[in-house]
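Enquirer: As input, take input_1.txt (compact mmCIF, N, CA and C atoms):
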```txt
# COMPACT_ATOMS: atom_id res chain seq x y z
N MET A 1 0.86 -1.18 0.00
CA MET A 1 0.00 0.00 0.00
C MET A 1 0.89 1.23 0.00
N ASN A 2 0.59 2.20 -0.83
CA ASN A 2 1.45 3.37 -0.90
C ASN A 2 1.21 4.32 0.28
N LEU A 3 2.10 5.29 0.40
CA LEU A 3 2.09 6.20 1.54
C LEU A 3 0.79 6.99 1.66
N VAL A 4 0.25 7.45 0.53
CA VAL A 4 -0.99 8.25 0.57
C VAL A 4 -2.14 7.41 1.12
N LYS A 5 -2.26 6.16 0.64
CA LYS A 5 -3.33 5.28 1.13
C LYS A 5 -3.15 5.00 2.62
N LYS A 6 -1.91 4.80 3.06
CA LYS A 6 -1.66 4.56 4.48
C LYS A 6 -2.05 5.77 5.31
N GLN A 7 -1.71 6.97 4.83
CA GLN A 7 -2.06 8.19 5.55
C GLN A 7 -3.57 8.38 5.57
N SER A 8 -4.25 8.12 4.45
CA SER A 8 -5.70 8.25 4.40
C SER A 8 -6.36 7.28 5.36
N SER A 9 -5.86 6.05 5.41
CA SER A 9 -6.40 5.06 6.34
C SER A 9 -6.17 5.47 7.78
N ALA A 10 -4.99 6.00 8.06
CA ALA A 10 -4.68 6.43 9.43
C ALA A 10 -5.60 7.56 9.85
N ILE A 11 -5.84 8.51 8.96
CA ILE A 11 -6.74 9.62 9.28
C ILE A 11 -8.16 9.12 9.49
N LEU A 12 -8.61 8.22 8.62
CA LEU A 12 -9.97 7.71 8.73
C LEU A 12 -10.19 6.94 10.03
N ILE A 13 -9.24 6.10 10.43
CA ILE A 13 -9.42 5.35 11.69
C ILE A 13 -9.37 6.31 12.88
N LEU A 14 -8.57 7.36 12.80
CA LEU A 14 -8.55 8.36 13.87
C LEU A 14 -9.89 9.08 13.96
N VAL A 15 -10.49 9.40 12.83
CA VAL A 15 -11.80 10.06 12.83
C VAL A 15 -12.85 9.13 13.43
N ILE A 16 -12.82 7.86 13.05
CA ILE A 16 -13.78 6.90 13.60
C ILE A 16 -13.60 6.79 15.12
N CYS A 17 -12.36 6.71 15.58
CA CYS A 17 -12.11 6.63 17.02
C CYS A 17 -12.53 7.91 17.74
N LEU A 18 -12.33 9.05 17.10
CA LEU A 18 -12.80 10.32 17.67
C LEU A 18 -14.32 10.30 17.81
N PHE A 19 -15.02 9.79 16.80
CA PHE A 19 -16.47 9.70 16.89
C PHE A 19 -16.89 8.77 18.04
N GLY A 20 -16.16 7.68 18.24
CA GLY A 20 -16.45 6.79 19.36
C GLY A 20 -16.23 7.48 20.69
N PHE A 21 -15.13 8.20 20.80
CA PHE A 21 -14.83 8.97 22.01
C PHE A 21 -15.95 9.98 22.28
N LEU A 22 -16.36 10.69 21.23
CA LEU A 22 -17.42 11.69 21.39
C LEU A 22 -18.74 11.06 21.80
N ALA A 23 -19.03 9.86 21.29
CA ALA A 23 -20.26 9.18 21.67
C ALA A 23 -20.29 8.93 23.18
N VAL A 24 -19.17 8.50 23.72
CA VAL A 24 -19.08 8.25 25.17
C VAL A 24 -19.16 9.56 25.94
N ALA A 25 -18.36 10.56 25.51
CA ALA A 25 -18.32 11.83 26.23
C ALA A 25 -19.67 12.55 26.20
N ILE A 26 -20.30 12.57 25.04
CA ILE A 26 -21.60 13.23 24.91
C ILE A 26 -22.66 12.48 25.69
N GLY A 27 -22.60 11.15 25.66
CA GLY A 27 -23.54 10.35 26.45
C GLY A 27 -23.39 10.61 27.94
N ALA A 28 -22.17 10.72 28.41
CA ALA A 28 -21.93 11.02 29.83
C ALA A 28 -22.43 12.42 30.18
N PHE A 29 -22.19 13.37 29.28
CA PHE A 29 -22.69 14.73 29.48
C PHE A 29 -24.21 14.73 29.62
N GLY A 30 -24.86 13.97 28.75
CA GLY A 30 -26.32 13.89 28.81
C GLY A 30 -26.81 13.25 30.09
N ALA A 31 -26.16 12.17 30.47
CA ALA A 31 -26.61 11.44 31.66
C ALA A 31 -26.36 12.21 32.95
N HIS A 32 -25.27 12.93 33.00
CA HIS A 32 -24.90 13.60 34.25
C HIS A 32 -25.18 15.09 34.28
N GLY A 33 -25.22 15.73 33.12
CA GLY A 33 -25.39 17.17 33.10
C GLY A 33 -26.75 17.63 32.61
N LEU A 34 -27.22 17.00 31.55
CA LEU A 34 -28.46 17.47 30.93
C LEU A 34 -29.71 16.97 31.62
N LYS A 35 -29.65 15.77 32.18
CA LYS A 35 -30.85 15.15 32.74
C LYS A 35 -31.57 16.07 33.72
N LYS A 36 -30.80 16.89 34.42
CA LYS A 36 -31.37 17.77 35.44
C LYS A 36 -31.91 19.08 34.87
N ILE A 37 -31.53 19.41 33.62
CA ILE A 37 -31.91 20.74 33.12
C ILE A 37 -32.80 20.74 31.88
N ILE A 38 -32.99 19.58 31.24
CA ILE A 38 -33.90 19.56 30.09
C ILE A 38 -35.08 18.65 30.41
N SER A 39 -36.16 18.85 29.68
CA SER A 39 -37.38 18.08 29.92
C SER A 39 -37.17 16.61 29.53
N PRO A 40 -37.99 15.73 30.11
CA PRO A 40 -37.87 14.31 29.76
C PRO A 40 -38.06 14.02 28.27
N ASP A 41 -38.96 14.75 27.59
CA ASP A 41 -39.14 14.47 26.16
C ASP A 41 -37.91 14.89 25.35
N LEU A 42 -37.24 15.97 25.76
CA LEU A 42 -36.00 16.35 25.09
C LEU A 42 -34.86 15.39 25.43
N MET A 43 -34.89 14.83 26.64
CA MET A 43 -33.87 13.85 27.03
C MET A 43 -33.99 12.59 26.17
N VAL A 44 -35.21 12.19 25.85
CA VAL A 44 -35.42 11.03 24.97
C VAL A 44 -34.82 11.30 23.59
N ILE A 45 -35.00 12.51 23.08
CA ILE A 45 -34.42 12.90 21.79
C ILE A 45 -32.90 12.84 21.85
N PHE A 46 -32.33 13.37 22.93
CA PHE A 46 -30.88 13.35 23.11
C PHE A 46 -30.36 11.92 23.15
N GLU A 47 -31.04 11.06 23.90
CA GLU A 47 -30.62 9.66 24.03
C GLU A 47 -30.73 8.91 22.70
N THR A 48 -31.73 9.25 21.89
CA THR A 48 -31.85 8.63 20.56
C THR A 48 -30.64 9.01 19.70
N GLY A 49 -30.30 10.27 19.71
CA GLY A 49 -29.12 10.72 18.96
C GLY A 49 -27.86 10.01 19.42
N ASN A 50 -27.72 9.84 20.72
CA ASN A 50 -26.53 9.20 21.27
C ASN A 50 -26.49 7.71 20.93
N ARG A 51 -27.64 7.05 21.00
CA ARG A 51 -27.70 5.62 20.67
C ARG A 51 -27.30 5.39 19.21
N TYR A 52 -27.87 6.19 18.31
CA TYR A 52 -27.52 6.05 16.90
C TYR A 52 -26.07 6.44 16.63
N HIS A 53 -25.56 7.38 17.40
CA HIS A 53 -24.14 7.76 17.31
C HIS A 53 -23.26 6.55 17.60
N PHE A 54 -23.57 5.84 18.69
CA PHE A 54 -22.80 4.64 19.05
C PHE A 54 -22.92 3.56 17.97
N TYR A 55 -24.15 3.24 17.61
CA TYR A 55 -24.36 2.16 16.63
C TYR A 55 -23.58 2.41 15.35
N HIS A 56 -23.65 3.63 14.87
CA HIS A 56 -23.07 3.90 13.57
C HIS A 56 -21.57 4.18 13.62
N THR A 57 -21.06 4.50 14.80
CA THR A 57 -19.60 4.51 14.95
C THR A 57 -19.07 3.09 14.81
N LEU A 58 -19.75 2.15 15.43
CA LEU A 58 -19.34 0.74 15.29
C LEU A 58 -19.51 0.26 13.86
N ALA A 59 -20.58 0.67 13.21
CA ALA A 59 -20.78 0.29 11.80
C ALA A 59 -19.68 0.88 10.93
N ALA A 60 -19.28 2.12 11.19
CA ALA A 60 -18.18 2.74 10.42
C ALA A 60 -16.88 1.98 10.65
N LEU A 61 -16.65 1.55 11.88
CA LEU A 61 -15.44 0.78 12.19
C LEU A 61 -15.44 -0.55 11.44
N ILE A 62 -16.57 -1.23 11.43
CA ILE A 62 -16.68 -2.50 10.71
C ILE A 62 -16.44 -2.27 9.21
N SER A 63 -17.07 -1.25 8.67
CA SER A 63 -16.88 -0.93 7.24
C SER A 63 -15.42 -0.65 6.94
N PHE A 64 -14.78 0.13 7.81
CA PHE A 64 -13.37 0.46 7.62
C PHE A 64 -12.50 -0.80 7.66
N LEU A 65 -12.74 -1.68 8.62
CA LEU A 65 -11.94 -2.90 8.72
C LEU A 65 -12.13 -3.81 7.51
N LEU A 66 -13.37 -3.91 7.03
CA LEU A 66 -13.61 -4.69 5.82
C LEU A 66 -12.96 -4.04 4.61
N LEU A 67 -12.97 -2.72 4.57
CA LEU A 67 -12.29 -2.01 3.49
C LEU A 67 -10.80 -2.32 3.51
N GLN A 68 -10.20 -2.31 4.68
CA GLN A 68 -8.77 -2.62 4.78
C GLN A 68 -8.50 -4.03 4.31
N GLN A 69 -9.39 -4.96 4.65
CA GLN A 69 -9.23 -6.35 4.19
C GLN A 69 -9.34 -6.41 2.66
N SER A 70 -10.27 -5.66 2.11
CA SER A 70 -10.45 -5.69 0.65
C SER A 70 -9.24 -5.09 -0.07
N LEU A 71 -8.59 -4.12 0.56
CA LEU A 71 -7.41 -3.51 -0.06
C LEU A 71 -6.22 -4.47 -0.07
N GLN A 72 -6.24 -5.45 0.83
CA GLN A 72 -5.15 -6.41 0.92
C GLN A 72 -5.36 -7.64 0.03
N SER A 73 -6.52 -7.73 -0.61
CA SER A 73 -6.81 -8.92 -1.40
C SER A 73 -7.28 -8.52 -2.80
N ASP A 74 -7.37 -9.53 -3.63
CA ASP A 74 -7.79 -9.31 -5.01
C ASP A 74 -9.31 -9.46 -5.10
N VAL A 75 -10.01 -8.38 -4.81
CA VAL A 75 -11.47 -8.40 -4.88
C VAL A 75 -11.90 -7.31 -5.87
N PRO A 76 -13.12 -7.43 -6.36
CA PRO A 76 -13.60 -6.42 -7.30
C PRO A 76 -13.53 -5.00 -6.72
N SER A 77 -13.22 -4.05 -7.58
CA SER A 77 -13.10 -2.67 -7.12
C SER A 77 -14.44 -2.14 -6.61
N LYS A 78 -15.56 -2.73 -7.08
CA LYS A 78 -16.85 -2.26 -6.58
C LYS A 78 -17.01 -2.55 -5.09
N SER A 79 -16.38 -3.62 -4.59
CA SER A 79 -16.41 -3.90 -3.15
C SER A 79 -15.69 -2.79 -2.39
N LYS A 80 -14.52 -2.41 -2.87
CA LYS A 80 -13.75 -1.35 -2.22
C LYS A 80 -14.51 -0.03 -2.25
N THR A 81 -15.11 0.27 -3.39
CA THR A 81 -15.88 1.51 -3.52
C THR A 81 -17.07 1.52 -2.57
N LEU A 82 -17.80 0.42 -2.55
CA LEU A 82 -18.99 0.34 -1.69
C LEU A 82 -18.62 0.44 -0.21
N LEU A 83 -17.53 -0.20 0.19
CA LEU A 83 -17.11 -0.14 1.60
C LEU A 83 -16.60 1.25 1.97
N THR A 84 -15.97 1.92 1.03
CA THR A 84 -15.54 3.30 1.27
C THR A 84 -16.76 4.21 1.45
N VAL A 85 -17.73 4.06 0.56
CA VAL A 85 -18.96 4.87 0.65
C VAL A 85 -19.68 4.56 1.97
N ALA A 86 -19.75 3.29 2.34
CA ALA A 86 -20.41 2.92 3.60
C ALA A 86 -19.77 3.61 4.79
N THR A 87 -18.45 3.57 4.86
CA THR A 87 -17.73 4.18 5.98
C THR A 87 -18.05 5.66 6.07
N TRP A 88 -17.93 6.37 4.97
CA TRP A 88 -18.18 7.81 4.97
C TRP A 88 -19.65 8.13 5.18
N ALA A 89 -20.55 7.30 4.66
CA ALA A 89 -21.99 7.53 4.86
C ALA A 89 -22.35 7.42 6.34
N PHE A 90 -21.77 6.45 7.03
CA PHE A 90 -22.04 6.33 8.47
C PHE A 90 -21.53 7.56 9.22
N LEU A 91 -20.34 8.01 8.89
CA LEU A 91 -19.77 9.19 9.57
C LEU A 91 -20.59 10.45 9.27
N PHE A 92 -20.95 10.64 8.01
CA PHE A 92 -21.78 11.78 7.64
C PHE A 92 -23.14 11.71 8.36
N GLY A 93 -23.71 10.51 8.39
CA GLY A 93 -25.00 10.32 9.07
C GLY A 93 -24.93 10.69 10.54
N ILE A 94 -23.85 10.32 11.20
CA ILE A 94 -23.68 10.69 12.61
C ILE A 94 -23.68 12.21 12.75
N LEU A 95 -22.92 12.88 11.91
CA LEU A 95 -22.85 14.34 11.99
C LEU A 95 -24.23 14.98 11.82
N ILE A 96 -24.98 14.53 10.84
CA ILE A 96 -26.26 15.16 10.55
C ILE A 96 -27.36 14.65 11.49
N PHE A 97 -27.50 13.34 11.62
CA PHE A 97 -28.58 12.77 12.43
C PHE A 97 -28.36 13.04 13.92
N SER A 98 -27.27 12.51 14.44
CA SER A 98 -27.07 12.60 15.89
C SER A 98 -26.84 14.03 16.37
N PHE A 99 -26.01 14.77 15.65
CA PHE A 99 -25.70 16.12 16.13
C PHE A 99 -26.89 17.07 15.98
N SER A 100 -27.77 16.82 15.00
CA SER A 100 -28.99 17.65 14.93
C SER A 100 -29.91 17.33 16.10
N LEU A 101 -29.96 16.06 16.50
CA LEU A 101 -30.77 15.70 17.67
C LEU A 101 -30.16 16.24 18.96
N TYR A 102 -28.84 16.22 19.06
CA TYR A 102 -28.20 16.83 20.24
C TYR A 102 -28.55 18.31 20.32
N ALA A 103 -28.43 19.00 19.20
CA ALA A 103 -28.72 20.44 19.17
C ALA A 103 -30.19 20.70 19.50
N LEU A 104 -31.08 19.90 18.94
CA LEU A 104 -32.51 20.05 19.22
C LEU A 104 -32.78 19.87 20.70
N ALA A 105 -32.21 18.83 21.30
CA ALA A 105 -32.46 18.55 22.72
C ALA A 105 -31.91 19.66 23.62
N ILE A 106 -30.75 20.18 23.28
CA ILE A 106 -30.12 21.19 24.13
C ILE A 106 -30.80 22.55 23.97
N THR A 107 -31.18 22.90 22.74
CA THR A 107 -31.76 24.22 22.50
C THR A 107 -33.28 24.24 22.55
N GLY A 108 -33.89 23.10 22.28
CA GLY A 108 -35.35 23.05 22.20
C GLY A 108 -35.90 23.60 20.89
N ILE A 109 -35.03 23.94 19.95
CA ILE A 109 -35.45 24.48 18.65
C ILE A 109 -35.86 23.31 17.76
N ARG A 110 -37.15 23.13 17.62
CA ARG A 110 -37.69 21.95 16.92
C ARG A 110 -37.36 21.90 15.43
N VAL A 111 -37.14 23.06 14.82
CA VAL A 111 -36.85 23.08 13.39
C VAL A 111 -35.54 22.34 13.08
N LEU A 112 -34.67 22.19 14.06
CA LEU A 112 -33.43 21.43 13.85
C LEU A 112 -33.71 19.98 13.48
N GLY A 113 -34.86 19.48 13.91
CA GLY A 113 -35.24 18.12 13.57
C GLY A 113 -35.53 17.93 12.09
N ALA A 114 -35.67 19.03 11.36
CA ALA A 114 -35.97 18.93 9.93
C ALA A 114 -34.80 18.36 9.13
N ILE A 115 -33.57 18.54 9.62
CA ILE A 115 -32.43 18.00 8.87
C ILE A 115 -32.06 16.58 9.31
N THR A 116 -32.62 16.15 10.41
CA THR A 116 -32.31 14.81 10.93
C THR A 116 -32.53 13.70 9.89
N PRO A 117 -33.63 13.73 9.12
CA PRO A 117 -33.83 12.65 8.12
C PRO A 117 -32.73 12.54 7.08
N ILE A 118 -32.03 13.62 6.80
CA ILE A 118 -30.90 13.54 5.86
C ILE A 118 -29.84 12.59 6.42
N GLY A 119 -29.58 12.70 7.71
CA GLY A 119 -28.65 11.77 8.36
C GLY A 119 -29.18 10.36 8.35
N GLY A 120 -30.50 10.21 8.53
CA GLY A 120 -31.10 8.88 8.48
C GLY A 120 -30.94 8.23 7.12
N VAL A 121 -31.12 9.01 6.07
CA VAL A 121 -30.92 8.50 4.70
C VAL A 121 -29.46 8.10 4.51
N SER A 122 -28.55 8.88 5.07
CA SER A 122 -27.13 8.55 4.99
C SER A 122 -26.85 7.21 5.68
N PHE A 123 -27.49 6.99 6.83
CA PHE A 123 -27.35 5.70 7.51
C PHE A 123 -27.85 4.56 6.61
N LEU A 124 -29.00 4.76 5.99
CA LEU A 124 -29.55 3.73 5.10
C LEU A 124 -28.61 3.43 3.94
N ILE A 125 -28.06 4.47 3.35
CA ILE A 125 -27.08 4.29 2.27
C ILE A 125 -25.87 3.50 2.78
N GLY A 126 -25.42 3.86 3.98
CA GLY A 126 -24.29 3.15 4.58
C GLY A 126 -24.56 1.66 4.74
N TRP A 127 -25.74 1.32 5.23
CA TRP A 127 -26.07 -0.09 5.44
C TRP A 127 -26.18 -0.85 4.12
N ILE A 128 -26.78 -0.21 3.11
CA ILE A 128 -26.87 -0.87 1.80
C ILE A 128 -25.47 -1.09 1.23
N CYS A 129 -24.64 -0.07 1.30
CA CYS A 129 -23.27 -0.19 0.76
C CYS A 129 -22.45 -1.20 1.56
N LEU A 130 -22.62 -1.24 2.87
CA LEU A 130 -21.91 -2.23 3.68
C LEU A 130 -22.33 -3.64 3.28
N GLY A 131 -23.63 -3.84 3.10
CA GLY A 131 -24.12 -5.16 2.70
C GLY A 131 -23.60 -5.59 1.34
N LEU A 132 -23.71 -4.71 0.36
CA LEU A 132 -23.26 -5.05 -0.99
C LEU A 132 -21.73 -5.18 -1.05
N GLY A 133 -21.03 -4.27 -0.38
CA GLY A 133 -19.57 -4.34 -0.37
C GLY A 133 -19.08 -5.63 0.28
N SER A 134 -19.74 -6.04 1.36
CA SER A 134 -19.39 -7.29 2.04
C SER A 134 -19.69 -8.49 1.14
N PHE A 135 -20.82 -8.43 0.46
CA PHE A 135 -21.20 -9.50 -0.45
C PHE A 135 -20.11 -9.70 -1.51
N TYR A 136 -19.70 -8.61 -2.15
CA TYR A 136 -18.67 -8.71 -3.20
C TYR A 136 -17.30 -9.11 -2.62
N LEU A 137 -17.09 -8.81 -1.35
CA LEU A 137 -15.82 -9.18 -0.71
C LEU A 137 -15.78 -10.67 -0.37
N PHE A 138 -16.89 -11.20 0.11
CA PHE A 138 -16.88 -12.57 0.65
C PHE A 138 -17.42 -13.64 -0.27
N VAL A 139 -18.26 -13.27 -1.24
CA VAL A 139 -18.80 -14.28 -2.14
C VAL A 139 -17.75 -14.60 -3.19
N PRO A 140 -17.42 -15.88 -3.35
CA PRO A 140 -16.37 -16.24 -4.30
C PRO A 140 -16.74 -15.89 -5.73
N LYS A 141 -15.73 -15.50 -6.48
CA LYS A 141 -15.92 -15.19 -7.90
C LYS A 141 -16.09 -16.50 -8.68
N LYS A 142 -16.90 -16.47 -9.68
CA LYS A 142 -17.11 -17.68 -10.50
C LYS A 142 -16.09 -17.76 -11.60
```
Re-express the file's structure as structure tokens.
Expert:
Amino acid sequence: MNLVKKQSSAILILVICLFGFLAVAIGAFGAHGLKKIISPDLMVIFETGNRYHFYHTLAALISFLLLQQSLQSDVPSKSKTLLTVATWAFLFGILIFSFSLYALAITGIRVLGAITPIGGVSFLIGWICLGLGSFYLFVPKK
């Protein structure tokens, strides 16, 4: 693997780990700091954002690891492309879905929820790409 690909992979895994760190830190902030100052219905919104943040950080990690495996083997380029898209779609989805819910819960500004579905669509794209990319990675060529 050339230097640029190694650097790109290193940056991507650091971003994924940062998102995992933030999921824990933000969850702790919600549990210990926000619970006392926001309404229960806003706390449910915050917790939903945090739960999806965790799930999709793990999904991004899985996509990234499968991508690394595909780069080490002779698999169709569509597998590599799909796994790359999956990884980035999960990360983008976290930014839009989870962080819009965090902002909504903290500010109470309901219009922020209008962009949340964009993140949800990104999650759906990520799951489709992860499934197809994994299929092309693991199903033997004829």
Enquirer: When you draw a straight line from CA of Lys78 in chain A to CA of Leu12 in chain A, how long is it in Å?
Expert: 19.5 Å
Enquirer: Skip Thr84 in chain A itself and residues of its chain fewer than 5 positions away, then list as a list of chain:residue names all residues within 7 Å of it, counting all atoms listed in the file.
Expert: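 Everything that qualifies: A:Ser63, A:Leu67, A:Ser79, A:Ala89.
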Enquirer: Go ahead and save the picked residues with N, CA and C atoms, as a PDB file, in the coordinates of the input.
Expert:
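File result_30.pdb, as written:
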```
ATOM      1  N   SER A  63     -17.070  -1.250   8.670  1.00  0.00           N
ATOM      2  CA  SER A  63     -16.880  -0.930   7.240  1.00  0.00           C
ATOM      3  C   SER A  63     -15.420  -0.650   6.940  1.00  0.00           C
ATOM      4  N   LEU A  67     -12.970  -2.720   4.570  1.00  0.00           N
ATOM      5  CA  LEU A  67     -12.290  -2.010   3.490  1.00  0.00           C
ATOM      6  C   LEU A  67     -10.800  -2.320   3.510  1.00  0.00           C
ATOM      7  N   SER A  79     -16.380  -3.620  -4.590  1.00  0.00           N
ATOM      8  CA  SER A  79     -16.410  -3.900  -3.150  1.00  0.00           C
ATOM      9  C   SER A  79     -15.690  -2.790  -2.390  1.00  0.00           C
ATOM     10  N   ALA A  89     -20.550   7.300   4.660  1.00  0.00           N
ATOM     11  CA  ALA A  89     -21.990   7.530   4.860  1.00  0.00           C
ATOM     12  C   ALA A  89     -22.350   7.420   6.340  1.00  0.00           C
TER      13      ALA A  89
END
```
Enquirer: Work out how far CA of Gln68 in chain A is from CA of Lys6 in chain A, in Å to one decimal.
Expert: 10.1 Å
Enquirer: Please provide the set of residues having any atom within 6.5 Å of Gly113 in chain A, restricted to all atoms listed in the file, with same-chain residues fewer than 5 positions apart removed, written as a CSV table (one decimal) with N, CA and C atoms, in the coordinates of the input.
Expert:
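As written to disk, result.csv reads:
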```csv
chain,number,residue,atom,x,y,z
A,100,SER,N,-27.8,16.8,15.0
A,100,SER,CA,-29.0,17.6,14.9
A,100,SER,C,-29.9,17.3,16.1
A,101,LEU,N,-30.0,16.1,16.5
A,101,LEU,CA,-30.8,15.7,17.7
A,101,LEU,C,-30.2,16.2,19.0
A,104,LEU,N,-31.1,19.9,18.9
A,104,LEU,CA,-32.5,20.0,19.2
A,104,LEU,C,-32.8,19.9,20.7
```
Enquirer: I'd like the neighbourhood of range 30-40 of chain A as a PyMOL selection string, where a residue qualifies if any of its atoms comes within 10 Å (using only C-alpha atoms), though same-chain residues fewer than 3 positions away should be ignored.
Expert: chain A and resi 24-27+43-47+50+102+105-108
Enquirer: Would you mind telling me which residue in A:Ala114, A:Cys129, A:Ile109, A:Leu65 lies nearest to Thr81 in chain A when using all atoms listed in the file?
Expert: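 Among A:Ala114, A:Cys129, A:Ile109, A:Leu65, it is A:Cys129 that comes nearest to Thr81 in chain A.
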Enquirer: Counting only N, CA and C atoms, which residues have an atom no more than 5 Å from (-26.3, 7.2, 11.2) in the file's coordinates? Please list them as a PyMOL selection string.
Expert: chain A and resi 93-94+123
Enquirer: Keeping only N, CA and C atoms, write those residues as a short mmCIF file (atom, residue, chain, number, x, y, z; two decimals), in the frame of the given file.
Expert:
```
data_model
loop_
_atom_site.label_atom_id
_atom_site.label_comp_id
_atom_site.auth_asym_id
_atom_site.auth_seq_id
_atom_site.Cartn_x
_atom_site.Cartn_y
_atom_site.Cartn_z
N GLY A 93 -23.71 10.51 8.39
CA GLY A 93 -25.00 10.32 9.07
C GLY A 93 -24.93 10.69 10.54
N ILE A 94 -23.85 10.32 11.20
CA ILE A 94 -23.68 10.69 12.61
C ILE A 94 -23.68 12.21 12.75
N PHE A 123 -27.49 6.99 6.83
CA PHE A 123 -27.35 5.70 7.51
C PHE A 123 -27.85 4.56 6.61
#
```
Enquirer: Which residue out of A:Gly20, A:Ser77, A:Gly119, A:Leu132 has the minimum interatomic distance to Ser98 in chain A when only N, CA and C atoms are used?
Expert: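 Once distances to Ser98 in chain A are computed over only N, CA and C atoms, the minimum belongs to A:Gly119.
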Enquirer: I'd like the interatomic distance between atom C of Thr116 in chain A and atom C of Ser134 in chain A, to a tenth of an Å.
Expert: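 So the two atoms, atom C of Thr116 in chain A and atom C of Ser134 in chain A, lie 27.1 Å apart.
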Enquirer: Using the file's own x, y and z axes, what box holds all listed atoms of range 47-61 of chain A with 4 Å on each side, keeping edges along x, y and z, and what are its centre and edge lengths in Å to one decimal, as JSON?
Expert:
```
{"center_x": -23.6, "center_y": 5.3, "center_z": 17.2, "size_x": 24.4, "size_y": 19.6, "size_z": 21.6}
```
Enquirer: Which one is closest to Thr48 in chain A: A:Phe29, A:Phe19, A:Phe97, A:Phe90? Count all atoms listed in the file.
Expert: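 Looking at the shortest contact to Thr48 in chain A, the residue is A:Phe97.
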Enquirer: Restricting the calculation to all atoms listed in the file: of A:Gln7, A:Ile13, A:Trp88, A:Val75, which residue gets closest to Phe138 in chain A?
Expert: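 Nearest candidate to Phe138 in chain A out of A:Gln7, A:Ile13, A:Trp88, A:Val75: A:Val75.
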Enquirer: Considering only C-alpha atoms, state which residue in the set A:Phe54, A:Phe64, A:Phe99, A:Phe92 is at the smallest distance from Ile125 in chain A.
Expert: A:Phe92
Enquirer: Using all atoms listed in the file for the distances, tell me which of A:Pro140, A:Ile11, A:Cys17, A:Gly133 is nearest to Leu66 in chain A.
Expert: A:Gly133
Enquirer: With the input short on atoms, add all heavy atoms back to range 72-76 of chain A and write it as a PDB file, keeping the file's coordinate frame.
Expert:
```pdb
ATOM      1  N   GLN A  72      -6.240  -5.450   0.830  1.00  0.00           N
ATOM      2  CA  GLN A  72      -5.150  -6.410   0.920  1.00  0.00           C
ATOM      3  C   GLN A  72      -5.360  -7.640   0.030  1.00  0.00           C
ATOM      4  O   GLN A  72      -4.512  -8.508  -0.028  1.00  0.00           O
ATOM      5  CB  GLN A  72      -4.983  -6.894   2.377  1.00  0.00           C
ATOM      6  CG  GLN A  72      -4.736  -5.785   3.380  1.00  0.00           C
ATOM      7  CD  GLN A  72      -3.464  -5.013   3.103  1.00  0.00           C
ATOM      8  OE1 GLN A  72      -2.465  -5.576   2.713  1.00  0.00           O
ATOM      9  NE2 GLN A  72      -3.510  -3.710   3.294  1.00  0.00           N
ATOM     10  N   SER A  73      -6.520  -7.730  -0.610  1.00  0.00           N
ATOM     11  CA  SER A  73      -6.810  -8.920  -1.400  1.00  0.00           C
ATOM     12  C   SER A  73      -7.280  -8.520  -2.800  1.00  0.00           C
ATOM     13  O   SER A  73      -7.544  -7.358  -3.081  1.00  0.00           O
ATOM     14  CB  SER A  73      -7.879  -9.763  -0.701  1.00  0.00           C
ATOM     15  OG  SER A  73      -9.053  -9.002  -0.515  1.00  0.00           O
ATOM     16  N   ASP A  74      -7.370  -9.530  -3.630  1.00  0.00           N
ATOM     17  CA  ASP A  74      -7.790  -9.310  -5.010  1.00  0.00           C
ATOM     18  C   ASP A  74      -9.310  -9.460  -5.100  1.00  0.00           C
ATOM     19  O   ASP A  74      -9.825 -10.539  -5.359  1.00  0.00           O
ATOM     20  CB  ASP A  74      -7.094 -10.326  -5.930  1.00  0.00           C
ATOM     21  CG  ASP A  74      -7.430 -10.095  -7.385  1.00  0.00           C
ATOM     22  OD1 ASP A  74      -7.663  -8.931  -7.762  1.00  0.00           O
ATOM     23  OD2 ASP A  74      -7.462 -11.086  -8.138  1.00  0.00           O
ATOM     24  N   VAL A  75     -10.010  -8.380  -4.810  1.00  0.00           N
ATOM     25  CA  VAL A  75     -11.470  -8.400  -4.880  1.00  0.00           C
ATOM     26  C   VAL A  75     -11.900  -7.310  -5.870  1.00  0.00           C
ATOM     27  O   VAL A  75     -11.140  -6.399  -6.187  1.00  0.00           O
ATOM     28  CB  VAL A  75     -12.123  -8.142  -3.503  1.00  0.00           C
ATOM     29  CG1 VAL A  75     -11.783  -9.243  -2.527  1.00  0.00           C
ATOM     30  CG2 VAL A  75     -11.722  -6.795  -2.947  1.00  0.00           C
ATOM     31  N   PRO A  76     -13.120  -7.430  -6.360  1.00  0.00           N
ATOM     32  CA  PRO A  76     -13.600  -6.420  -7.300  1.00  0.00           C
ATOM     33  C   PRO A  76     -13.530  -5.000  -6.720  1.00  0.00           C
ATOM     34  O   PRO A  76     -13.763  -4.802  -5.528  1.00  0.00           O
ATOM     35  CB  PRO A  76     -15.057  -6.827  -7.561  1.00  0.00           C
ATOM     36  CG  PRO A  76     -15.148  -8.258  -7.163  1.00  0.00           C
ATOM     37  CD  PRO A  76     -14.125  -8.455  -6.087  1.00  0.00           C
TER      38      PRO A  76
END
```
